[in-house]
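A.B. asks: So I've got this file, start.txt, and it contains compact mmCIF, N, CA and C atoms and all ligand atoms:
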```txt
# COMPACT_ATOMS: atom_id res chain seq x y z
N MET A 42 34.36 34.59 -39.27
CA MET A 42 35.25 34.27 -38.15
C MET A 42 35.31 32.76 -37.95
N SER A 43 36.48 32.27 -37.63
CA SER A 43 36.65 30.84 -37.38
C SER A 43 36.00 30.46 -36.07
N ASN A 44 35.88 29.16 -35.87
CA ASN A 44 35.13 28.70 -34.72
C ASN A 44 35.89 27.84 -33.74
N THR A 45 37.19 27.67 -33.93
CA THR A 45 37.94 26.85 -32.99
C THR A 45 39.12 27.65 -32.44
N ASP A 46 39.63 27.18 -31.30
CA ASP A 46 40.80 27.82 -30.71
C ASP A 46 41.99 27.77 -31.67
N GLU A 47 42.10 26.69 -32.42
CA GLU A 47 43.28 26.49 -33.25
C GLU A 47 43.40 27.54 -34.35
N ASP A 48 42.26 28.04 -34.84
CA ASP A 48 42.36 28.96 -35.97
C ASP A 48 41.70 30.32 -35.70
N THR A 49 41.60 30.69 -34.41
CA THR A 49 41.02 31.98 -34.06
C THR A 49 42.04 32.81 -33.29
N PRO A 50 42.57 33.85 -33.89
CA PRO A 50 43.51 34.71 -33.17
C PRO A 50 42.80 35.46 -32.03
N ILE A 51 43.55 35.74 -30.97
CA ILE A 51 42.99 36.54 -29.88
C ILE A 51 42.51 37.88 -30.41
N ALA A 52 43.25 38.45 -31.35
CA ALA A 52 42.86 39.76 -31.90
C ALA A 52 41.48 39.72 -32.53
N ALA A 53 41.14 38.61 -33.17
CA ALA A 53 39.81 38.49 -33.79
C ALA A 53 38.73 38.46 -32.72
N LEU A 54 39.01 37.78 -31.61
CA LEU A 54 38.03 37.75 -30.51
C LEU A 54 37.87 39.13 -29.89
N LYS A 55 39.01 39.84 -29.72
CA LYS A 55 38.95 41.19 -29.16
C LYS A 55 38.11 42.11 -30.05
N THR A 56 38.30 41.99 -31.33
CA THR A 56 37.53 42.81 -32.27
C THR A 56 36.05 42.46 -32.20
N ARG A 57 35.76 41.19 -32.11
CA ARG A 57 34.35 40.77 -32.08
C ARG A 57 33.62 41.30 -30.85
N VAL A 58 34.24 41.20 -29.68
CA VAL A 58 33.56 41.69 -28.47
C VAL A 58 33.51 43.22 -28.47
N ALA A 59 34.52 43.87 -29.06
CA ALA A 59 34.50 45.34 -29.15
C ALA A 59 33.36 45.80 -30.05
N GLU A 60 33.19 45.14 -31.17
CA GLU A 60 32.10 45.50 -32.10
C GLU A 60 30.74 45.26 -31.46
N PHE A 61 30.61 44.19 -30.72
CA PHE A 61 29.35 43.88 -30.04
C PHE A 61 28.97 45.01 -29.10
N ALA A 62 29.94 45.47 -28.31
CA ALA A 62 29.69 46.56 -27.36
C ALA A 62 29.43 47.88 -28.10
N ARG A 63 30.23 48.13 -29.13
CA ARG A 63 30.09 49.39 -29.88
C ARG A 63 28.72 49.47 -30.55
N ASP A 64 28.25 48.39 -31.14
CA ASP A 64 26.95 48.38 -31.82
C ASP A 64 25.82 48.72 -30.86
N ARG A 65 25.99 48.40 -29.60
CA ARG A 65 24.94 48.63 -28.59
C ARG A 65 25.17 49.89 -27.76
N GLU A 66 26.25 50.61 -28.11
CA GLU A 66 26.65 51.80 -27.36
C GLU A 66 26.82 51.50 -25.87
N TRP A 67 27.44 50.35 -25.60
CA TRP A 67 27.70 49.93 -24.21
C TRP A 67 29.08 50.37 -23.71
N GLU A 68 29.87 50.93 -24.61
CA GLU A 68 31.23 51.31 -24.18
C GLU A 68 31.19 52.29 -23.00
N GLN A 69 30.13 53.14 -22.99
CA GLN A 69 29.99 54.12 -21.90
C GLN A 69 29.90 53.44 -20.53
N PHE A 70 29.45 52.21 -20.48
CA PHE A 70 29.32 51.49 -19.21
C PHE A 70 30.56 50.66 -18.89
N HIS A 71 31.44 50.51 -19.87
CA HIS A 71 32.55 49.58 -19.74
C HIS A 71 33.81 50.24 -19.16
N THR A 72 33.65 50.75 -17.96
CA THR A 72 34.85 51.20 -17.24
C THR A 72 35.62 49.97 -16.79
N LEU A 73 36.88 50.16 -16.47
CA LEU A 73 37.67 49.02 -16.00
C LEU A 73 37.10 48.44 -14.72
N LYS A 74 36.55 49.33 -13.87
CA LYS A 74 35.93 48.84 -12.62
C LYS A 74 34.71 47.98 -12.95
N ASN A 75 33.83 48.49 -13.79
CA ASN A 75 32.61 47.74 -14.11
C ASN A 75 32.93 46.41 -14.80
N LEU A 76 33.89 46.43 -15.69
CA LEU A 76 34.25 45.20 -16.40
C LEU A 76 34.89 44.19 -15.45
N SER A 77 35.70 44.68 -14.52
CA SER A 77 36.33 43.78 -13.55
C SER A 77 35.29 43.14 -12.63
N VAL A 78 34.34 43.95 -12.20
CA VAL A 78 33.25 43.41 -11.36
C VAL A 78 32.45 42.38 -12.15
N ALA A 79 32.14 42.71 -13.39
CA ALA A 79 31.37 41.79 -14.23
C ALA A 79 32.12 40.47 -14.42
N LEU A 80 33.44 40.54 -14.60
CA LEU A 80 34.23 39.32 -14.75
C LEU A 80 34.14 38.47 -13.48
N ALA A 81 34.21 39.13 -12.32
CA ALA A 81 34.13 38.39 -11.05
C ALA A 81 32.77 37.73 -10.89
N VAL A 82 31.71 38.43 -11.30
CA VAL A 82 30.36 37.86 -11.23
C VAL A 82 30.27 36.63 -12.13
N GLU A 83 30.83 36.75 -13.33
CA GLU A 83 30.79 35.61 -14.25
C GLU A 83 31.64 34.45 -13.72
N ALA A 84 32.76 34.76 -13.06
CA ALA A 84 33.58 33.70 -12.47
C ALA A 84 32.79 32.96 -11.40
N ALA A 85 31.99 33.70 -10.63
CA ALA A 85 31.15 33.06 -9.62
C ALA A 85 30.09 32.17 -10.29
N GLU A 86 29.53 32.66 -11.39
CA GLU A 86 28.55 31.85 -12.12
C GLU A 86 29.20 30.57 -12.66
N LEU A 87 30.46 30.67 -13.07
CA LEU A 87 31.19 29.49 -13.54
C LEU A 87 31.38 28.47 -12.41
N MET A 88 31.60 28.97 -11.20
CA MET A 88 31.84 28.07 -10.07
C MET A 88 30.56 27.40 -9.57
N GLU A 89 29.42 28.07 -9.77
CA GLU A 89 28.18 27.62 -9.15
C GLU A 89 27.83 26.15 -9.40
N PRO A 90 27.90 25.64 -10.65
CA PRO A 90 27.52 24.24 -10.85
C PRO A 90 28.44 23.25 -10.14
N PHE A 91 29.68 23.68 -9.85
CA PHE A 91 30.64 22.78 -9.21
C PHE A 91 30.59 22.84 -7.68
N GLN A 92 29.80 23.81 -7.18
CA GLN A 92 29.72 23.98 -5.73
C GLN A 92 29.25 22.67 -5.09
N TRP A 93 29.96 22.22 -4.09
CA TRP A 93 29.65 21.04 -3.28
C TRP A 93 30.00 19.73 -3.97
N LEU A 94 30.52 19.77 -5.18
CA LEU A 94 30.92 18.54 -5.85
C LEU A 94 32.39 18.25 -5.57
N GLU A 95 32.74 16.97 -5.61
CA GLU A 95 34.14 16.57 -5.51
C GLU A 95 34.75 16.53 -6.92
N GLY A 96 36.05 16.35 -6.99
CA GLY A 96 36.77 16.45 -8.26
C GLY A 96 36.19 15.62 -9.39
N GLU A 97 36.01 14.33 -9.16
CA GLU A 97 35.50 13.46 -10.22
C GLU A 97 34.06 13.80 -10.58
N GLN A 98 33.29 14.26 -9.60
CA GLN A 98 31.90 14.65 -9.88
C GLN A 98 31.84 15.85 -10.83
N CYS A 99 32.83 16.72 -10.72
CA CYS A 99 32.89 17.88 -11.63
C CYS A 99 33.12 17.41 -13.06
N ASP A 100 34.02 16.45 -13.22
CA ASP A 100 34.26 15.90 -14.57
C ASP A 100 33.00 15.23 -15.09
N GLU A 101 32.31 14.52 -14.20
CA GLU A 101 31.07 13.83 -14.59
C GLU A 101 30.02 14.82 -15.05
N LEU A 102 29.93 15.94 -14.36
CA LEU A 102 28.95 16.97 -14.70
C LEU A 102 29.10 17.41 -16.16
N LEU A 103 30.34 17.50 -16.61
CA LEU A 103 30.59 17.97 -17.97
C LEU A 103 30.21 16.93 -19.03
N ARG A 104 29.91 15.72 -18.60
CA ARG A 104 29.48 14.70 -19.56
C ARG A 104 28.00 14.85 -19.91
N ASP A 105 27.28 15.66 -19.14
CA ASP A 105 25.88 15.98 -19.45
C ASP A 105 25.88 17.15 -20.43
N PRO A 106 25.38 16.95 -21.65
CA PRO A 106 25.50 18.01 -22.67
C PRO A 106 24.91 19.35 -22.24
N ALA A 107 23.76 19.35 -21.61
CA ALA A 107 23.14 20.63 -21.22
C ALA A 107 23.96 21.33 -20.14
N LYS A 108 24.43 20.55 -19.17
CA LYS A 108 25.25 21.14 -18.10
C LYS A 108 26.59 21.61 -18.65
N ARG A 109 27.13 20.83 -19.58
CA ARG A 109 28.39 21.24 -20.20
C ARG A 109 28.22 22.57 -20.94
N GLU A 110 27.13 22.69 -21.68
CA GLU A 110 26.92 23.95 -22.41
C GLU A 110 26.77 25.12 -21.44
N ALA A 111 26.09 24.89 -20.32
CA ALA A 111 25.91 25.96 -19.33
C ALA A 111 27.27 26.39 -18.76
N VAL A 112 28.14 25.41 -18.47
CA VAL A 112 29.48 25.74 -17.97
C VAL A 112 30.28 26.47 -19.05
N GLU A 113 30.20 25.98 -20.28
CA GLU A 113 30.93 26.64 -21.37
C GLU A 113 30.44 28.07 -21.58
N ASP A 114 29.14 28.30 -21.41
CA ASP A 114 28.60 29.67 -21.52
C ASP A 114 29.23 30.58 -20.47
N GLU A 115 29.33 30.09 -19.24
CA GLU A 115 29.90 30.93 -18.18
C GLU A 115 31.40 31.14 -18.39
N LEU A 116 32.09 30.10 -18.84
CA LEU A 116 33.50 30.26 -19.16
C LEU A 116 33.69 31.30 -20.28
N ALA A 117 32.82 31.23 -21.27
CA ALA A 117 32.87 32.22 -22.35
C ALA A 117 32.63 33.62 -21.80
N ASP A 118 31.67 33.76 -20.88
CA ASP A 118 31.41 35.08 -20.28
C ASP A 118 32.67 35.62 -19.60
N VAL A 119 33.36 34.75 -18.86
CA VAL A 119 34.60 35.18 -18.18
C VAL A 119 35.62 35.68 -19.20
N VAL A 120 35.81 34.89 -20.26
CA VAL A 120 36.81 35.27 -21.27
C VAL A 120 36.38 36.53 -22.02
N ILE A 121 35.08 36.64 -22.30
CA ILE A 121 34.58 37.84 -23.00
C ILE A 121 34.89 39.08 -22.17
N TYR A 122 34.63 39.02 -20.87
CA TYR A 122 34.94 40.19 -20.05
C TYR A 122 36.45 40.43 -19.96
N ALA A 123 37.22 39.36 -19.93
CA ALA A 123 38.69 39.54 -19.94
C ALA A 123 39.13 40.24 -21.23
N LEU A 124 38.53 39.84 -22.34
CA LEU A 124 38.86 40.48 -23.61
C LEU A 124 38.44 41.95 -23.60
N GLN A 125 37.29 42.24 -23.01
CA GLN A 125 36.82 43.63 -22.96
C GLN A 125 37.71 44.48 -22.04
N ILE A 126 38.19 43.88 -20.96
CA ILE A 126 39.14 44.59 -20.09
C ILE A 126 40.42 44.89 -20.87
N ALA A 127 40.88 43.91 -21.63
CA ALA A 127 42.08 44.11 -22.44
C ALA A 127 41.85 45.23 -23.46
N ASN A 128 40.68 45.22 -24.09
CA ASN A 128 40.36 46.29 -25.05
C ASN A 128 40.35 47.65 -24.37
N ARG A 129 39.65 47.73 -23.27
CA ARG A 129 39.52 49.02 -22.57
C ARG A 129 40.88 49.53 -22.06
N GLY A 130 41.69 48.60 -21.57
CA GLY A 130 42.98 48.99 -21.00
C GLY A 130 44.13 49.00 -21.98
N GLY A 131 43.86 48.66 -23.23
CA GLY A 131 44.94 48.63 -24.21
C GLY A 131 45.98 47.57 -23.89
N VAL A 132 45.50 46.44 -23.38
CA VAL A 132 46.40 45.35 -23.00
C VAL A 132 46.55 44.37 -24.16
N ASP A 133 47.78 44.07 -24.52
CA ASP A 133 48.04 43.00 -25.48
C ASP A 133 48.10 41.70 -24.67
N LEU A 134 47.08 40.88 -24.83
CA LEU A 134 46.97 39.69 -23.98
C LEU A 134 48.11 38.70 -24.22
N ALA A 135 48.53 38.54 -25.45
CA ALA A 135 49.63 37.59 -25.73
C ALA A 135 50.90 38.04 -25.02
N VAL A 136 51.16 39.34 -25.03
CA VAL A 136 52.34 39.87 -24.34
C VAL A 136 52.18 39.67 -22.83
N ALA A 137 50.99 40.01 -22.30
CA ALA A 137 50.75 39.91 -20.85
C ALA A 137 50.85 38.45 -20.38
N ILE A 138 50.27 37.55 -21.17
CA ILE A 138 50.31 36.13 -20.78
C ILE A 138 51.74 35.59 -20.86
N ASP A 139 52.45 35.97 -21.89
CA ASP A 139 53.85 35.53 -22.01
C ASP A 139 54.67 36.01 -20.82
N ARG A 140 54.52 37.28 -20.47
CA ARG A 140 55.27 37.84 -19.34
C ARG A 140 54.90 37.12 -18.04
N LYS A 141 53.57 36.90 -17.84
CA LYS A 141 53.13 36.26 -16.59
C LYS A 141 53.55 34.80 -16.52
N MET A 142 53.54 34.10 -17.65
CA MET A 142 53.97 32.70 -17.63
C MET A 142 55.46 32.60 -17.31
N LYS A 143 56.23 33.57 -17.77
CA LYS A 143 57.65 33.59 -17.42
C LYS A 143 57.82 33.82 -15.92
N LYS A 144 57.02 34.72 -15.36
CA LYS A 144 57.05 34.93 -13.90
C LYS A 144 56.65 33.66 -13.17
N ASN A 145 55.60 33.00 -13.66
CA ASN A 145 55.15 31.75 -13.04
C ASN A 145 56.24 30.69 -13.08
N ALA A 146 56.94 30.63 -14.20
CA ALA A 146 58.00 29.63 -14.35
C ALA A 146 59.14 29.89 -13.36
N ARG A 147 59.43 31.18 -13.13
CA ARG A 147 60.48 31.50 -12.15
C ARG A 147 60.01 31.19 -10.73
N ARG A 148 58.71 31.43 -10.47
CA ARG A 148 58.16 31.22 -9.13
C ARG A 148 57.98 29.74 -8.82
N TYR A 149 57.68 28.99 -9.87
CA TYR A 149 57.43 27.56 -9.70
C TYR A 149 58.36 26.75 -10.60
N PRO A 150 59.64 26.71 -10.27
CA PRO A 150 60.55 25.92 -11.11
C PRO A 150 60.14 24.45 -11.08
N VAL A 151 60.29 23.78 -12.21
CA VAL A 151 59.82 22.41 -12.34
C VAL A 151 60.38 21.52 -11.24
N ASP A 152 61.67 21.68 -10.93
CA ASP A 152 62.30 20.77 -9.97
C ASP A 152 61.71 20.93 -8.57
N LEU A 153 61.18 22.13 -8.25
CA LEU A 153 60.58 22.34 -6.93
C LEU A 153 59.07 22.13 -6.92
N ALA A 154 58.43 22.38 -8.04
CA ALA A 154 56.97 22.42 -8.07
C ALA A 154 56.32 21.15 -8.63
N LYS A 155 57.10 20.28 -9.24
CA LYS A 155 56.53 19.11 -9.87
C LYS A 155 55.78 18.25 -8.86
N GLY A 156 54.49 18.05 -9.10
CA GLY A 156 53.66 17.22 -8.23
C GLY A 156 53.36 17.84 -6.89
N ASN A 157 53.60 19.14 -6.76
CA ASN A 157 53.48 19.83 -5.49
C ASN A 157 52.60 21.07 -5.70
N SER A 158 51.46 21.12 -5.00
CA SER A 158 50.52 22.22 -5.22
C SER A 158 50.73 23.38 -4.25
N ASP A 159 51.79 23.34 -3.46
CA ASP A 159 52.03 24.43 -2.51
C ASP A 159 52.20 25.76 -3.23
N LYS A 160 51.55 26.79 -2.68
CA LYS A 160 51.74 28.14 -3.21
C LYS A 160 53.07 28.67 -2.71
N ARG A 161 53.75 29.42 -3.57
CA ARG A 161 55.01 30.05 -3.18
C ARG A 161 54.85 31.56 -3.24
N SER A 162 55.32 32.25 -2.21
CA SER A 162 55.17 33.71 -2.20
C SER A 162 56.37 34.38 -2.83
MG MG B 1 26.99 34.40 -17.17
```
So, in terms of structure tokens, how does the structure I just supplied come out?
C.D. replies:
Amino acid sequence: MSNTDEDTPIAALKTRVAEFARDREWEQFHTLKNLSVALAVEAAELMEPFQWLEGEQCDELLRDPAKREAVEDELADVVIYALQIANRGGVDLAVAIDRKMKKNARRYPVDLAKGNSDKRS
């Protein structure tokens, strides 16, 4: 398997996490509810090092190799659970992301949203 975003298809990542779970017979625990909860827990773990820091301090934190690796580990956990949810639910992530980005583009047209962080309902 390749090691960079540029040459690693999403399908290869989905297969890798599926095989990891299958080898350990963990699929029985991987309900959509359990996987969604696990993703939320990992998202909280990703946020933890940034808690109480300001914007530039967060960037500075990533310049420390050990702290950067810890953040990357938690980000990987989030994505791994997202991939497992996609596997369990039969979701094609490229299709889902494409559809959602089109919705986002309609919701946040460039001429209205440029330089503006306001949420639109
Ligand atoms: Mg974690």
A.B. asks: Taking into account only C-alpha atoms, which residue in the set A:Arg148, A:Arg161, A:Glu97, A:Pro90 is nearest to Arg109 of chain A?
C.D. replies: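 Checking each candidate against Arg109 of chain A, we get A:Pro90 as the closest.
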A.B. asks: Can you list, as a PDB file with N, CA and C atoms, in the frame of the given file, every protein, DNA or RNA residue that comes within 8 Å of Gly130 of chain A when you count only N, CA and C atoms, leaving out same-chain residues fewer than 4 positions away?
C.D. replies:
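Result file result.pdb:
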```pdb
ATOM      1  N   THR A  72      33.650  50.750 -17.960  1.00  0.00           N
ATOM      2  CA  THR A  72      34.850  51.200 -17.240  1.00  0.00           C
ATOM      3  C   THR A  72      35.620  49.970 -16.790  1.00  0.00           C
ATOM      4  N   LEU A  73      36.880  50.160 -16.470  1.00  0.00           N
ATOM      5  CA  LEU A  73      37.670  49.020 -16.000  1.00  0.00           C
ATOM      6  C   LEU A  73      37.100  48.440 -14.720  1.00  0.00           C
ATOM      7  N   LEU A 124      38.530  39.840 -22.340  1.00  0.00           N
ATOM      8  CA  LEU A 124      38.860  40.480 -23.610  1.00  0.00           C
ATOM      9  C   LEU A 124      38.440  41.950 -23.600  1.00  0.00           C
ATOM     10  N   GLN A 125      37.290  42.240 -23.010  1.00  0.00           N
ATOM     11  CA  GLN A 125      36.820  43.630 -22.960  1.00  0.00           C
ATOM     12  C   GLN A 125      37.710  44.480 -22.040  1.00  0.00           C
ATOM     13  N   ILE A 126      38.190  43.880 -20.960  1.00  0.00           N
ATOM     14  CA  ILE A 126      39.140  44.590 -20.090  1.00  0.00           C
ATOM     15  C   ILE A 126      40.420  44.890 -20.870  1.00  0.00           C
TER      16      ILE A 126
END
```
A.B. asks: Rounded to one decimal place, report the atom N of Ala127 of chain A-atom N of Glu86 of chain A distance in Å.
C.D. replies: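 Distance between the two atoms: 19.0 Å.
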A.B. asks: Counting all atoms listed in the file, which residue out of A:Leu116, A:Ala137, A:Ala154, A:Met142 sits closest to ligand MG 1 (chain B)?
C.D. replies: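 Among the listed residues, A:Leu116 lies closest to ligand MG 1 (chain B).
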A.B. asks: Just checking: using only C-alpha atoms and all ligand atoms, which residue out of A:Lys74, A:Asp118, A:Trp93, A:Glu60 ends up closest to ligand MG 1 (chain B)?
C.D. replies: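 With only C-alpha atoms and all ligand atoms as the atom set, the closest residue is A:Asp118.
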A.B. asks: Just checking: using only N, CA and C atoms and all ligand atoms, which residue out of A:Ser158, A:Asp114, A:Thr45, A:Tyr149 ends up closest to ligand MG 1 (chain B)?
C.D. replies: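 Nearest candidate to ligand MG 1 (chain B) out of A:Ser158, A:Asp114, A:Thr45, A:Tyr149: A:Asp114.
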A.B. asks: Please determine, counting all atoms listed in the file, which residue among A:Arg147, A:Ala123, A:Glu83, A:Leu94 has the shortest atom-to-atom distance to ligand MG 1 (chain B).
C.D. replies: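 Looking at the shortest contact to ligand MG 1 (chain B), the residue is A:Glu83.
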A.B. asks: Taking all heavy atoms as the atom set, what does segment 43-54 of chain A look like once completed, written as a PDB file, keeping the file's coordinate frame?
C.D. replies:
```pdb
ATOM      1  N   SER A  43      36.480  32.270 -37.630  1.00  0.00           N
ATOM      2  CA  SER A  43      36.650  30.840 -37.380  1.00  0.00           C
ATOM      3  C   SER A  43      36.000  30.460 -36.070  1.00  0.00           C
ATOM      4  O   SER A  43      35.674  31.294 -35.244  1.00  0.00           O
ATOM      5  CB  SER A  43      38.130  30.502 -37.356  1.00  0.00           C
ATOM      6  OG  SER A  43      38.741  30.892 -38.553  1.00  0.00           O
ATOM      7  N   ASN A  44      35.880  29.160 -35.870  1.00  0.00           N
ATOM      8  CA  ASN A  44      35.130  28.700 -34.720  1.00  0.00           C
ATOM      9  C   ASN A  44      35.890  27.840 -33.740  1.00  0.00           C
ATOM     10  O   ASN A  44      35.290  27.284 -32.843  1.00  0.00           O
ATOM     11  CB  ASN A  44      33.889  27.942 -35.187  1.00  0.00           C
ATOM     12  CG  ASN A  44      32.882  28.868 -35.823  1.00  0.00           C
ATOM     13  OD1 ASN A  44      32.643  29.966 -35.328  1.00  0.00           O
ATOM     14  ND2 ASN A  44      32.317  28.462 -36.925  1.00  0.00           N
ATOM     15  N   THR A  45      37.190  27.670 -33.930  1.00  0.00           N
ATOM     16  CA  THR A  45      37.940  26.850 -32.990  1.00  0.00           C
ATOM     17  C   THR A  45      39.120  27.650 -32.440  1.00  0.00           C
ATOM     18  O   THR A  45      39.560  28.630 -33.036  1.00  0.00           O
ATOM     19  CB  THR A  45      38.493  25.567 -33.658  1.00  0.00           C
ATOM     20  OG1 THR A  45      39.478  25.932 -34.609  1.00  0.00           O
ATOM     21  CG2 THR A  45      37.387  24.772 -34.324  1.00  0.00           C
ATOM     22  N   ASP A  46      39.630  27.180 -31.300  1.00  0.00           N
ATOM     23  CA  ASP A  46      40.800  27.820 -30.710  1.00  0.00           C
ATOM     24  C   ASP A  46      41.990  27.770 -31.670  1.00  0.00           C
ATOM     25  O   ASP A  46      42.793  28.711 -31.713  1.00  0.00           O
ATOM     26  CB  ASP A  46      41.219  27.108 -29.408  1.00  0.00           C
ATOM     27  CG  ASP A  46      40.246  27.381 -28.264  1.00  0.00           C
ATOM     28  OD1 ASP A  46      39.336  28.214 -28.441  1.00  0.00           O
ATOM     29  OD2 ASP A  46      40.414  26.747 -27.209  1.00  0.00           O
ATOM     30  N   GLU A  47      42.100  26.690 -32.420  1.00  0.00           N
ATOM     31  CA  GLU A  47      43.280  26.490 -33.250  1.00  0.00           C
ATOM     32  C   GLU A  47      43.400  27.540 -34.350  1.00  0.00           C
ATOM     33  O   GLU A  47      44.499  27.878 -34.771  1.00  0.00           O
ATOM     34  CB  GLU A  47      43.265  25.086 -33.879  1.00  0.00           C
ATOM     35  CG  GLU A  47      43.679  23.983 -32.931  1.00  0.00           C
ATOM     36  CD  GLU A  47      42.627  23.674 -31.876  1.00  0.00           C
ATOM     37  OE1 GLU A  47      41.423  23.960 -32.125  1.00  0.00           O
ATOM     38  OE2 GLU A  47      42.987  23.192 -30.788  1.00  0.00           O
ATOM     39  N   ASP A  48      42.260  28.040 -34.840  1.00  0.00           N
ATOM     40  CA  ASP A  48      42.360  28.960 -35.970  1.00  0.00           C
ATOM     41  C   ASP A  48      41.700  30.320 -35.700  1.00  0.00           C
ATOM     42  O   ASP A  48      41.319  31.026 -36.627  1.00  0.00           O
ATOM     43  CB  ASP A  48      41.784  28.321 -37.241  1.00  0.00           C
ATOM     44  CG  ASP A  48      40.367  27.818 -37.048  1.00  0.00           C
ATOM     45  OD1 ASP A  48      39.740  28.166 -36.031  1.00  0.00           O
ATOM     46  OD2 ASP A  48      39.892  27.073 -37.917  1.00  0.00           O
ATOM     47  N   THR A  49      41.600  30.690 -34.410  1.00  0.00           N
ATOM     48  CA  THR A  49      41.020  31.980 -34.060  1.00  0.00           C
ATOM     49  C   THR A  49      42.040  32.810 -33.290  1.00  0.00           C
ATOM     50  O   THR A  49      42.336  32.515 -32.133  1.00  0.00           O
ATOM     51  CB  THR A  49      39.751  31.798 -33.200  1.00  0.00           C
ATOM     52  OG1 THR A  49      38.851  30.923 -33.877  1.00  0.00           O
ATOM     53  CG2 THR A  49      39.079  33.138 -32.949  1.00  0.00           C
ATOM     54  N   PRO A  50      42.570  33.850 -33.890  1.00  0.00           N
ATOM     55  CA  PRO A  50      43.510  34.710 -33.170  1.00  0.00           C
ATOM     56  C   PRO A  50      42.800  35.460 -32.030  1.00  0.00           C
ATOM     57  O   PRO A  50      41.613  35.796 -32.137  1.00  0.00           O
ATOM     58  CB  PRO A  50      43.999  35.696 -34.236  1.00  0.00           C
ATOM     59  CG  PRO A  50      43.630  35.103 -35.543  1.00  0.00           C
ATOM     60  CD  PRO A  50      42.418  34.256 -35.295  1.00  0.00           C
ATOM     61  N   ILE A  51      43.550  35.740 -30.970  1.00  0.00           N
ATOM     62  CA  ILE A  51      42.990  36.540 -29.880  1.00  0.00           C
ATOM     63  C   ILE A  51      42.510  37.880 -30.410  1.00  0.00           C
ATOM     64  O   ILE A  51      41.463  38.390 -29.995  1.00  0.00           O
ATOM     65  CB  ILE A  51      44.046  36.729 -28.763  1.00  0.00           C
ATOM     66  CG1 ILE A  51      44.364  35.396 -28.092  1.00  0.00           C
ATOM     67  CG2 ILE A  51      43.556  37.744 -27.726  1.00  0.00           C
ATOM     68  CD1 ILE A  51      45.534  35.465 -27.107  1.00  0.00           C
ATOM     69  N   ALA A  52      43.250  38.450 -31.350  1.00  0.00           N
ATOM     70  CA  ALA A  52      42.860  39.760 -31.900  1.00  0.00           C
ATOM     71  C   ALA A  52      41.480  39.720 -32.530  1.00  0.00           C
ATOM     72  O   ALA A  52      40.710  40.682 -32.425  1.00  0.00           O
ATOM     73  CB  ALA A  52      43.903  40.216 -32.931  1.00  0.00           C
ATOM     74  N   ALA A  53      41.140  38.610 -33.170  1.00  0.00           N
ATOM     75  CA  ALA A  53      39.810  38.490 -33.790  1.00  0.00           C
ATOM     76  C   ALA A  53      38.730  38.460 -32.720  1.00  0.00           C
ATOM     77  O   ALA A  53      37.648  39.053 -32.890  1.00  0.00           O
ATOM     78  CB  ALA A  53      39.749  37.233 -34.652  1.00  0.00           C
ATOM     79  N   LEU A  54      39.010  37.780 -31.610  1.00  0.00           N
ATOM     80  CA  LEU A  54      38.030  37.750 -30.510  1.00  0.00           C
ATOM     81  C   LEU A  54      37.870  39.130 -29.890  1.00  0.00           C
ATOM     82  O   LEU A  54      36.761  39.558 -29.563  1.00  0.00           O
ATOM     83  CB  LEU A  54      38.466  36.732 -29.451  1.00  0.00           C
ATOM     84  CG  LEU A  54      38.519  35.270 -29.904  1.00  0.00           C
ATOM     85  CD1 LEU A  54      39.124  34.397 -28.808  1.00  0.00           C
ATOM     86  CD2 LEU A  54      37.127  34.770 -30.269  1.00  0.00           C
TER      87      LEU A  54
END
```
